[in-house]
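input28.cif (mmCIF, C-alpha atoms and all ligand atoms)
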```cif
data_query
loop_
_atom_site.label_atom_id
_atom_site.label_comp_id
_atom_site.auth_asym_id
_atom_site.auth_seq_id
_atom_site.Cartn_x
_atom_site.Cartn_y
_atom_site.Cartn_z
CA MET A 669 -33.57 -23.92 32.88
CA VAL A 670 -30.46 -25.71 34.12
CA ARG A 671 -30.24 -27.65 30.88
CA ARG A 672 -30.54 -24.43 28.94
CA ARG A 673 -27.66 -22.91 30.89
CA LEU A 674 -25.48 -25.96 30.28
CA LEU A 675 -26.24 -25.85 26.61
CA PHE A 676 -25.37 -22.18 26.66
CA GLY A 677 -22.08 -23.01 28.43
CA ALA A 678 -21.20 -25.66 25.87
CA ALA A 679 -22.03 -23.31 23.04
CA THR A 680 -19.86 -20.65 24.64
CA LEU A 681 -16.98 -23.12 24.95
CA LEU A 682 -17.24 -24.06 21.29
CA ALA A 683 -17.52 -20.46 20.24
CA LEU A 684 -14.52 -19.40 22.28
CA VAL A 685 -12.29 -22.32 21.36
CA GLY A 686 -13.05 -21.56 17.74
CA ALA A 687 -12.49 -17.85 18.33
CA ARG A 688 -9.98 -16.12 16.14
CA PRO A 689 -8.31 -12.83 16.87
CA ALA A 690 -10.12 -9.77 15.64
CA ALA A 691 -9.48 -10.53 12.00
CA ALA A 692 -6.88 -8.24 10.54
CA GLY A 693 -8.59 -6.04 7.99
CA SER A 694 -8.30 -6.99 4.38
CA ILE A 695 -8.26 -4.91 1.26
CA SER A 696 -8.60 -5.58 -2.43
CA PHE A 697 -7.69 -3.48 -5.41
CA MET A 698 -11.13 -3.08 -6.96
CA THR A 699 -11.16 0.45 -8.35
CA GLY A 700 -7.61 1.73 -8.72
CA ASP A 701 -8.64 4.62 -6.47
CA VAL A 702 -6.51 4.37 -3.32
CA GLU A 703 -9.01 6.27 -1.20
CA LYS A 704 -11.67 3.67 -2.02
CA ASP A 705 -9.50 0.55 -2.05
CA MET A 706 -7.36 1.41 0.98
CA PRO A 707 -9.41 3.74 3.17
CA SER A 708 -7.36 5.27 5.98
CA SER A 709 -10.17 4.28 8.36
CA SER A 710 -9.65 0.61 7.50
CA PRO A 711 -7.90 -1.44 10.21
CA ASP A 712 -4.18 -1.84 9.59
CA VAL A 713 -3.99 0.47 6.58
CA VAL A 714 -1.13 2.88 7.33
CA THR A 715 -1.34 6.27 5.62
CA ILE A 716 1.78 8.40 5.11
CA VAL A 717 0.52 11.90 4.35
CA ASN A 718 2.84 13.74 1.98
CA HIS A 719 1.51 17.27 1.78
CA PRO A 720 -0.54 17.92 4.91
CA ASP A 721 -0.43 21.70 4.64
CA SER A 722 -0.38 22.20 0.90
CA GLN A 723 -2.96 22.65 -1.75
CA ALA A 724 -2.59 20.06 -4.49
CA GLN A 725 -1.75 22.63 -7.15
CA THR A 726 1.06 24.29 -5.19
CA ALA A 727 2.68 21.30 -3.51
CA ILE A 728 5.01 20.95 -6.53
CA TYR A 729 5.52 23.27 -9.49
CA GLN A 730 2.96 23.33 -12.25
CA ALA A 731 2.74 25.97 -14.98
CA PRO A 732 0.26 28.75 -14.17
CA TRP A 733 -2.00 27.91 -17.15
CA ILE A 734 -2.62 24.45 -15.66
CA THR A 735 -3.76 26.03 -12.40
CA GLN A 736 -5.89 28.58 -14.31
CA ASN A 737 -7.67 25.67 -16.00
CA GLY A 738 -8.48 24.29 -12.57
CA TRP A 739 -6.43 21.17 -13.33
CA VAL A 740 -4.15 19.18 -11.01
CA ASN A 741 -0.94 17.71 -12.39
CA GLY A 742 -0.47 13.93 -12.36
CA ARG A 743 2.83 13.93 -10.49
CA VAL A 744 1.94 15.32 -7.08
CA ILE A 745 1.47 12.61 -4.43
CA LYS A 746 -1.18 13.14 -1.77
CA ASP A 747 -0.19 10.18 0.40
CA VAL A 748 1.15 6.63 0.32
CA ARG A 749 -0.77 3.82 1.99
CA ALA A 750 0.42 0.36 2.99
CA PHE A 751 -1.21 -2.79 4.26
CA TYR A 752 0.62 -6.02 5.10
CA ASP A 753 -1.49 -9.20 4.98
CA GLN A 754 0.56 -11.49 7.19
CA SER A 755 -1.40 -14.67 6.45
CA ALA A 756 -0.98 -14.14 2.70
CA ASP A 757 2.54 -12.69 3.20
CA LYS A 758 1.63 -9.91 0.80
CA LEU A 759 2.36 -6.20 1.04
CA TYR A 760 -0.17 -3.89 -0.58
CA VAL A 761 0.94 -0.36 -1.46
CA GLY A 762 -1.14 2.49 -2.84
CA VAL A 763 0.45 5.70 -4.12
CA ASN A 764 -2.45 8.13 -3.89
CA PHE A 765 -2.32 11.02 -6.34
CA PHE A 766 -4.38 14.20 -6.07
CA GLY A 767 -5.01 13.86 -9.80
CA ILE A 768 -4.41 10.92 -12.14
CA ALA A 769 -1.00 9.23 -11.98
CA GLY A 770 0.86 10.08 -15.19
CA ASP A 771 -1.78 12.53 -16.50
CA VAL A 772 0.89 15.18 -16.21
CA ASP A 773 -1.03 18.26 -17.37
CA GLY A 774 -4.22 17.19 -15.59
CA ASN A 775 -6.50 17.25 -18.66
CA GLY A 776 -7.91 13.85 -17.70
CA VAL A 777 -6.16 11.78 -20.37
CA VAL A 778 -2.92 9.92 -19.63
CA GLY A 779 -0.52 10.17 -22.57
CA THR A 780 -2.09 13.24 -24.18
CA ALA A 781 -1.42 16.81 -23.08
CA ASP A 782 -2.97 20.15 -23.94
CA PRO A 783 -1.27 21.98 -26.86
CA LYS A 784 -0.09 24.59 -24.35
CA PHE A 785 1.98 21.95 -22.55
CA SER A 786 5.76 22.42 -22.60
CA GLY A 787 7.49 19.07 -22.80
CA THR A 788 6.03 15.63 -23.38
CA GLU A 789 3.48 13.58 -21.49
CA GLN A 790 4.18 9.88 -21.97
CA ALA A 791 1.61 7.13 -22.38
CA HIS A 792 2.03 3.91 -20.38
CA LEU A 793 4.29 5.75 -17.92
CA GLY A 794 6.99 5.98 -20.60
CA LEU A 795 7.24 2.25 -21.27
CA PHE A 796 7.63 2.50 -25.07
CA SER A 797 9.28 5.90 -25.33
CA HIS A 798 12.55 5.41 -23.46
CA SER A 799 11.42 8.23 -21.21
CA ASP A 800 12.81 8.59 -17.70
CA THR A 801 9.25 8.84 -16.41
CA SER A 802 9.15 6.99 -13.11
CA ILE A 803 6.94 6.17 -10.19
CA ALA A 804 9.10 4.36 -7.66
CA VAL A 805 8.52 3.14 -4.12
CA GLY A 806 11.47 2.33 -1.89
CA ILE A 807 10.97 -0.20 0.89
CA ASP A 808 13.39 -0.39 3.79
CA LEU A 809 13.27 -3.85 5.35
CA LYS A 810 16.25 -3.32 7.66
CA ASN A 811 15.29 -0.13 9.44
CA SER A 812 18.37 1.48 7.90
CA GLY A 813 16.72 4.57 6.46
CA THR A 814 17.56 3.53 2.90
CA PRO A 815 15.58 1.21 0.61
CA THR A 816 16.35 -2.52 0.63
CA ILE A 817 14.07 -3.16 -2.34
CA ILE A 818 12.36 -0.91 -4.83
CA ALA A 819 9.14 -1.34 -6.79
CA GLY A 820 7.50 0.55 -9.62
CA ILE A 821 8.53 2.01 -12.97
CA ALA A 822 12.28 2.54 -13.34
CA SER A 823 13.61 5.69 -15.00
CA ASP A 824 16.00 3.46 -16.99
CA LYS A 825 13.67 1.74 -19.47
CA SER A 826 16.16 -1.06 -20.05
CA ILE A 827 14.92 -2.22 -16.64
CA ILE A 828 11.44 -3.53 -17.34
CA GLY A 829 9.60 -6.05 -15.22
CA PRO A 830 6.76 -8.38 -16.23
CA GLY A 831 4.09 -6.18 -14.69
CA THR A 832 1.75 -3.62 -16.29
CA ASP A 833 3.71 -0.72 -17.84
CA GLY A 834 6.92 -2.59 -17.00
CA PHE A 835 6.21 -2.67 -13.28
CA THR A 836 9.14 -4.31 -11.59
CA VAL A 837 10.38 -5.29 -8.13
CA ASN A 838 14.16 -5.12 -7.65
CA TRP A 839 16.89 -4.93 -5.08
CA ALA A 840 17.75 -1.31 -4.40
CA LYS A 841 21.21 -0.20 -5.48
CA ASP A 842 23.11 2.96 -4.66
CA SER A 843 22.59 5.67 -7.21
CA THR A 844 23.10 9.38 -7.29
CA ALA A 845 20.05 9.51 -9.56
CA GLY A 846 17.75 9.05 -6.56
CA LEU A 847 14.97 6.55 -6.10
CA SER A 848 13.98 6.33 -9.78
CA GLY A 849 17.53 5.17 -10.63
CA GLN A 850 17.99 2.72 -7.76
CA PHE A 851 16.52 -0.36 -9.48
CA GLY A 852 19.15 -3.10 -9.11
CA ALA A 853 18.91 -6.86 -9.63
CA SER A 854 15.46 -8.27 -10.33
CA LEU A 855 13.28 -9.87 -7.67
CA ASN A 856 10.39 -10.40 -10.06
CA ALA A 857 10.44 -14.20 -10.20
CA THR A 858 9.30 -14.51 -6.61
CA HIS A 859 8.07 -11.14 -5.45
CA ASN A 860 6.26 -9.33 -8.27
CA GLY A 861 2.60 -9.08 -7.31
CA ASN A 862 2.03 -6.59 -10.16
CA LEU A 863 0.48 -3.19 -10.67
CA ALA A 864 -3.27 -3.48 -10.14
CA PHE A 865 -4.28 -1.14 -13.00
CA GLU A 866 -2.64 1.00 -15.61
CA PRO A 867 -3.36 4.49 -14.26
CA SER A 868 -6.20 6.27 -16.10
CA LYS A 869 -9.18 8.48 -15.32
CA ALA A 870 -11.12 5.33 -14.37
CA HIS A 871 -8.27 3.99 -12.19
CA PRO A 872 -6.40 7.11 -11.10
CA ASP A 873 -3.80 5.86 -8.62
CA PHE A 874 -0.77 3.58 -8.54
CA GLU A 875 -1.60 0.39 -6.64
CA PHE A 876 0.54 -2.71 -6.41
CA SER A 877 1.39 -5.66 -4.24
CA ILE A 878 4.61 -7.49 -3.43
CA ASP A 879 4.47 -11.22 -2.82
CA HIS A 880 6.32 -13.24 -0.18
CA LEU A 881 7.70 -10.17 1.59
CA SER A 882 8.82 -12.15 4.63
CA THR A 883 11.17 -14.33 2.56
CA ILE A 884 13.31 -11.35 1.58
CA PRO A 885 16.36 -11.37 3.89
CA GLY A 886 16.23 -8.53 6.37
CA PHE A 887 12.48 -8.57 6.84
CA SER A 888 11.21 -8.75 10.40
CA ILE A 889 7.57 -8.09 11.13
CA THR A 890 8.37 -6.76 14.58
CA ASN A 891 10.70 -4.13 13.11
CA GLY A 892 8.15 -2.86 10.61
CA ILE A 893 9.29 -1.33 7.34
CA GLY A 894 10.16 2.04 5.85
CA ILE A 895 8.52 3.47 2.74
CA SER A 896 9.62 6.29 0.42
CA ALA A 897 8.36 7.29 -3.01
CA PHE A 898 9.13 9.31 -6.14
CA SER A 899 7.03 10.48 -9.07
CA GLY A 900 8.43 12.49 -11.95
CA SER A 901 10.02 12.88 -15.35
CA SER A 902 12.45 15.23 -17.05
CA ASP A 903 10.18 15.25 -20.14
CA ASP A 904 7.44 17.31 -18.54
CA ILE A 905 8.86 20.82 -18.34
CA ASP A 906 5.61 22.34 -17.10
CA VAL A 907 5.44 20.13 -14.02
CA GLY A 908 7.91 19.39 -11.24
CA GLU A 909 8.75 16.16 -9.48
CA ASP A 910 7.46 14.86 -6.19
CA SER A 911 8.82 12.60 -3.51
CA VAL A 912 7.85 11.11 -0.17
CA GLN A 913 10.53 10.95 2.51
CA MET A 914 11.45 7.55 3.94
CA THR A 915 8.93 6.95 6.72
CA HIS A 916 9.00 4.05 9.16
CA ILE A 917 5.73 2.23 9.77
CA ALA A 918 4.70 -0.60 12.11
CA LEU A 919 3.08 -3.75 10.71
CA GLU A 920 0.09 -5.45 12.28
CA GLN A 921 0.90 -8.90 13.61
CA ILE A 922 -1.51 -11.80 13.91
CA PRO A 923 -1.08 -13.42 17.36
CA GLU A 924 0.44 -16.91 17.38
CA PRO A 925 -2.28 -19.61 17.10
CA THR A 926 -1.13 -21.31 20.32
CA THR A 927 -1.57 -18.05 22.22
CA ILE A 928 -5.08 -17.62 20.84
CA LEU A 929 -6.04 -21.20 21.76
CA GLY A 930 -4.63 -20.77 25.26
CA TRP A 931 -6.59 -17.62 25.99
CA SER A 932 -9.73 -19.08 24.38
CA LEU A 933 -9.57 -22.09 26.70
CA VAL A 934 -9.08 -19.88 29.76
CA ALA A 935 -12.08 -17.78 28.73
CA ALA A 936 -14.18 -20.87 27.93
CA ALA A 937 -13.32 -22.50 31.26
CA ALA A 938 -14.35 -19.32 33.06
CA ALA A 939 -17.66 -19.24 31.17
CA CYS A 940 -18.43 -22.92 31.89
CA GLY A 941 -17.40 -22.56 35.51
CA GLY A 942 -20.04 -19.85 35.87
CA ALA A 943 -22.72 -22.06 34.34
CA ILE A 944 -21.85 -25.11 36.45
CA ARG A 945 -21.66 -23.14 39.68
CA ARG A 946 -25.19 -21.90 39.08
CA LYS A 947 -26.46 -25.45 38.56
CA GLY A 948 -27.48 -26.07 42.15
CA GLY A 949 -28.60 -22.55 42.90
CA PRO A 950 -32.02 -21.02 42.65
CA SER A 951 -33.43 -20.46 39.24
CA LEU A 952 -32.89 -16.89 38.21
CA ALA A 953 -35.69 -16.79 35.68
CA CA A 1001 -6.16 9.54 -5.67
CA CA A 1002 -2.90 14.52 -19.92
CA CA A 1003 9.35 17.34 -14.53
#
```

Take the structure in the file and give it back as structure tokens.
Amino acid sequence: MVRRRLLFGAATLLALVGARPAAAGSISFMTGDVEKDMPSSSPDVVTIVNHPDSQAQTAIYQAPWITQNGWVNGRVIKDVRAFYDQSADKLYVGVNFFGIAGDVDGNGVVGTADPKFSGTEQAHLGLFSHSDTSIAVGIDLKNSGTPTIIAGIASDKSIIGPGTDGFTVNWAKDSTAGLSGQFGASLNATHNGNLAFEPSKAHPDFEFSIDHLSTIPGFSITNGIGISAFSGSSDDIDVGEDSVQMTHIALEQIPEPTTILGWSLVAAAAACGGAIRRKGGPSLA
């Protein structure tokens, strides 16, 4: 019995010394559906709700015939979700649409609109058509309220990154054109983690990652980051534009390894102390 307790104590010591913090959650872009890939219930996924009190159809303008068809335009943003994987130094962002990103009229096909549609719906988020179609996410690394960097599809199609549909990561510059026009100098060589999928019925949302976030000057994990977003085009007369206000979020931090080891040893010593103290006592079982 005593031997069994000692073995138990040793096993506890090993288990505790090897203990890691409650592993930060992890996510992977498997489906292109933000609600599946980045569930709000998942640890460390932060969800910024954009239209808490609105119905999808009325949150931004869409022509009445679209609503009468029971369709939802592909510009209105339901929420934006973020997850920072500190060990991989990778920021995951999901722009969650009520409908399909870029399927402007809501007929289920990106790049093709119903004959009733006023304006033009662009394929590939406007990549080959010199359209000002844009989905842009601003990221504030300095807690300044304005974006430090910007990721997505620029309205100016002379600014095209190496990612799907020209997805690009750039320094943010001042522009009166708003977020879609704030793409400055490229950060793609080091930081472009790419768009996970070209938006389509099968992969309806706008998911991307940014690599090596912590190496961008201004970043501090303890300060968190701010996120804002835009989705729109001047080509789609029957549908308005949408935006998400800059919102500050906290980032989950993994405790320092030395702190974990320290507390593990304290806990292990306490567990072994209990076992050894019982050694000379009466058998409990
Ligand atoms: Ca969605
Ligand atoms: Ca369509
Ligand atoms: Ca529009």

Rows by chain and residue number, chain A within 6 Å of ligand CA 1001 (chain A), shortest pair, all atoms listed in the file, as JSON lines:
```
{"residue": "A:Asp701", "atom": "CA", "partner": "A:CA1001", "partner_atom": "CA", "distance": 5.6}
{"residue": "A:Val702", "atom": "CA", "partner": "A:CA1001", "partner_atom": "CA", "distance": 5.7}
{"residue": "A:Asn764", "atom": "CA", "partner": "A:CA1001", "partner_atom": "CA", "distance": 4.3}
{"residue": "A:Phe765", "atom": "CA", "partner": "A:CA1001", "partner_atom": "CA", "distance": 4.2}
{"residue": "A:Phe766", "atom": "CA", "partner": "A:CA1001", "partner_atom": "CA", "distance": 5.0}
{"residue": "A:Pro872", "atom": "CA", "partner": "A:CA1001", "partner_atom": "CA", "distance": 6.0}
{"residue": "A:Asp873", "atom": "CA", "partner": "A:CA1001", "partner_atom": "CA", "distance": 5.3}
```

Just write the chosen residues, C-alpha atoms, as a compact mmCIF listing (two decimals), in the frame of the given file.
```txt
# COMPACT_ATOMS: atom_id res chain seq x y z
CA ASP A 701 -8.64 4.62 -6.47
CA VAL A 702 -6.51 4.37 -3.32
CA ASN A 764 -2.45 8.13 -3.89
CA PHE A 765 -2.32 11.02 -6.34
CA PHE A 766 -4.38 14.20 -6.07
CA PRO A 872 -6.40 7.11 -11.10
CA ASP A 873 -3.80 5.86 -8.62
```

Inset, instruction - Using only C-alpha atoms and all ligand atoms, pick whichever of A:Ala724, A:Met698, A:Val837, A:Ile768 has the shortest atom-to-atom distance to ligand CA 1002 (chain A). - result: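 Among the listed residues, the smallest separation from ligand CA 1002 (chain A) belongs to A:Ile768.
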
All residues having an atom within 7 Å of ligand CA 1003 (chain A) (all atoms listed in the file) as a short mmCIF file (atom, residue, chain, number, x, y, z; two decimals) with C-alpha atoms, in the coordinates of the input:
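Okay, this is what ended up in pocket-v2.cif:
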```cif
data_model
loop_
_atom_site.label_atom_id
_atom_site.label_comp_id
_atom_site.auth_asym_id
_atom_site.auth_seq_id
_atom_site.Cartn_x
_atom_site.Cartn_y
_atom_site.Cartn_z
CA GLY A 900 8.43 12.49 -11.95
CA SER A 901 10.02 12.88 -15.35
CA SER A 902 12.45 15.23 -17.05
CA ASP A 903 10.18 15.25 -20.14
CA ASP A 904 7.44 17.31 -18.54
CA ILE A 905 8.86 20.82 -18.34
CA ASP A 906 5.61 22.34 -17.10
CA VAL A 907 5.44 20.13 -14.02
CA GLY A 908 7.91 19.39 -11.24
CA GLU A 909 8.75 16.16 -9.48
#
```

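Note that the spacing between atom CA of A:Ile884 and atom CA of A:Gly770 amounts to 29.9 Å.
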
Enumerate residues in contact with ligand CA 1002 (chain A): an atom-to-atom distance of at most 12 Å, counting only C-alpha atoms and all ligand atoms. Format the result as a short mmCIF file (atom, residue, chain, number, x, y, z; two decimals) with C-alpha atoms, in the coordinates of the input.
```
data_model
loop_
_atom_site.label_atom_id
_atom_site.label_comp_id
_atom_site.auth_asym_id
_atom_site.auth_seq_id
_atom_site.Cartn_x
_atom_site.Cartn_y
_atom_site.Cartn_z
CA ILE A 734 -2.62 24.45 -15.66
CA TRP A 739 -6.43 21.17 -13.33
CA VAL A 740 -4.15 19.18 -11.01
CA ASN A 741 -0.94 17.71 -12.39
CA GLY A 742 -0.47 13.93 -12.36
CA ARG A 743 2.83 13.93 -10.49
CA GLY A 767 -5.01 13.86 -9.80
CA ILE A 768 -4.41 10.92 -12.14
CA ALA A 769 -1.00 9.23 -11.98
CA GLY A 770 0.86 10.08 -15.19
CA ASP A 771 -1.78 12.53 -16.50
CA VAL A 772 0.89 15.18 -16.21
CA ASP A 773 -1.03 18.26 -17.37
CA GLY A 774 -4.22 17.19 -15.59
CA ASN A 775 -6.50 17.25 -18.66
CA GLY A 776 -7.91 13.85 -17.70
CA VAL A 777 -6.16 11.78 -20.37
CA VAL A 778 -2.92 9.92 -19.63
CA GLY A 779 -0.52 10.17 -22.57
CA THR A 780 -2.09 13.24 -24.18
CA ALA A 781 -1.42 16.81 -23.08
CA ASP A 782 -2.97 20.15 -23.94
CA PRO A 783 -1.27 21.98 -26.86
CA LYS A 784 -0.09 24.59 -24.35
CA PHE A 785 1.98 21.95 -22.55
CA GLY A 787 7.49 19.07 -22.80
CA THR A 788 6.03 15.63 -23.38
CA GLU A 789 3.48 13.58 -21.49
CA GLN A 790 4.18 9.88 -21.97
CA ALA A 791 1.61 7.13 -22.38
CA HIS A 792 2.03 3.91 -20.38
CA LEU A 793 4.29 5.75 -17.92
CA PRO A 867 -3.36 4.49 -14.26
CA SER A 868 -6.20 6.27 -16.10
CA LYS A 869 -9.18 8.48 -15.32
CA ASP A 904 7.44 17.31 -18.54
CA ASP A 906 5.61 22.34 -17.10
CA VAL A 907 5.44 20.13 -14.02
#
```

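Atom pair atom CA of A:Trp839 / atom CA of A:Asn856 has a distance of 9.8 Å (rounded to one decimal).
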
Legend entry - Separation of atom CA of A:Val763 from atom CA of A:Asp747 in Å: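 Atom-to-atom, atom CA of A:Asp747 to atom CA of A:Val763, that is 6.4 Å.
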
Which residues are close to stretch 919-924 of chain A, i.e. within 7 Å by all atoms listed in the file, leaving aside same-chain residues fewer than 4 positions away? Reply as a PDB file with C-alpha atoms, in the coordinates of the input.
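Output below, filename part-v8.pdb:
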```pdb
ATOM      1  CA  ASP A 712      -4.180  -1.840   9.590  1.00  0.00           C
ATOM      2  CA  TYR A 752       0.620  -6.020   5.100  1.00  0.00           C
ATOM      3  CA  GLN A 754       0.560 -11.490   7.190  1.00  0.00           C
ATOM      4  CA  ILE A 889       7.570  -8.090  11.130  1.00  0.00           C
ATOM      5  CA  GLY A 892       8.150  -2.860  10.610  1.00  0.00           C
ATOM      6  CA  ILE A 928      -5.080 -17.620  20.840  1.00  0.00           C
TER       7      ILE A 928
END
```

Inset, instruction - Kindly extract all protein, DNA and RNA residues lying within 10 Å of the coordinates (11.0, 21.3, -4.6) given in the file, considering all atoms listed in the file, and supply them as a list of chain:residue names. - result: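 Residues with an atom close enough to that point: A:Ala727, A:Ile728, A:Tyr729, A:Gly908, A:Glu909, A:Asp910, A:Ser911.
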
Legend entry - Pick from A:Arg749, A:Lys758, A:Lys841, A:Lys704, whichever lies nearest to A:Ser854 using all atoms listed in the file: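 The answer is A:Lys841, which sits nearest to A:Ser854.
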
Legend entry - Selected residue, from A:Val748, A:Ala731, A:Met706, A:Ile803, that lies nearest to A:Thr915 when counting only C-alpha atoms: A:Val748

Legend entry - Minimum-distance residue to A:Asn891, chosen among A:Thr858, A:Ser755, A:Ser799, A:Asn811 (using only C-alpha atoms):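 So, comparing all the options, the nearest one is A:Asn811.
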
Inset, instruction - Please provide as a PyMOL selection string all residues within 6 Å of stretch 824-836 of chain A, with the sequence filter that same-chain residues fewer than 6 positions apart are discarded (counting only C-alpha atoms). - result: chain A and resi 792+795+798+862-863

Inset, instruction - Using all atoms listed in the file, pick whichever of A:Thr816, A:Thr726, A:Ser696, A:Ser786 has the shortest atom-to-atom distance to A:Asp753. - result: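 The answer is A:Ser696, which sits nearest to A:Asp753.
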
Inset, instruction - Around the point (4.3, 9.6, 6.6), in the coordinates given by the file, pick out the residues reaching within 8 Å, counting all atoms listed in the file, and return them as a list of chain:residue names. - result: A:Thr715, A:Ile716, A:Val717, A:Asn718, A:Asp747, A:Val748, A:Val912, A:Gln913, A:Met914, A:Thr915, A:His916

Go ahead and save the picked residues with C-alpha atoms, as a PDB file, keeping the file's coordinate frame.
```
ATOM      1  CA  THR A 715      -1.340   6.270   5.620  1.00  0.00           C
ATOM      2  CA  ILE A 716       1.780   8.400   5.110  1.00  0.00           C
ATOM      3  CA  VAL A 717       0.520  11.900   4.350  1.00  0.00           C
ATOM      4  CA  ASN A 718       2.840  13.740   1.980  1.00  0.00           C
ATOM      5  CA  ASP A 747      -0.190  10.180   0.400  1.00  0.00           C
ATOM      6  CA  VAL A 748       1.150   6.630   0.320  1.00  0.00           C
ATOM      7  CA  VAL A 912       7.850  11.110  -0.170  1.00  0.00           C
ATOM      8  CA  GLN A 913      10.530  10.950   2.510  1.00  0.00           C
ATOM      9  CA  MET A 914      11.450   7.550   3.940  1.00  0.00           C
ATOM     10  CA  THR A 915       8.930   6.950   6.720  1.00  0.00           C
ATOM     11  CA  HIS A 916       9.000   4.050   9.160  1.00  0.00           C
TER      12      HIS A 916
END
```

Legend entry - Residue nearest A:Asp800 among A:Leu881, A:Ala822, A:Ala750, A:Ala840 (counting only C-alpha atoms):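 Ranked by minimum distance to A:Asp800, first place goes to A:Ala822.
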
Let me have the centre and edge lengths in Å, one decimal, of the box along x, y and z around every listed atom of stretch 738-743 of chain A with 8 Å of margin on each side, as lines of an AutoDock Vina configuration file.
```
center_x = -2.8
center_y = 19.1
center_z = -11.9
size_x = 27.3
size_y = 26.4
size_z = 18.8
```

Inset, instruction - For A:Val805, work out the shell of residues within 8 Å, counting only C-alpha atoms and skipping chain neighbours fewer than 2 positions away, then give it as a ChimeraX atom specification. - result: /A:803,807,818-820,847,895-898
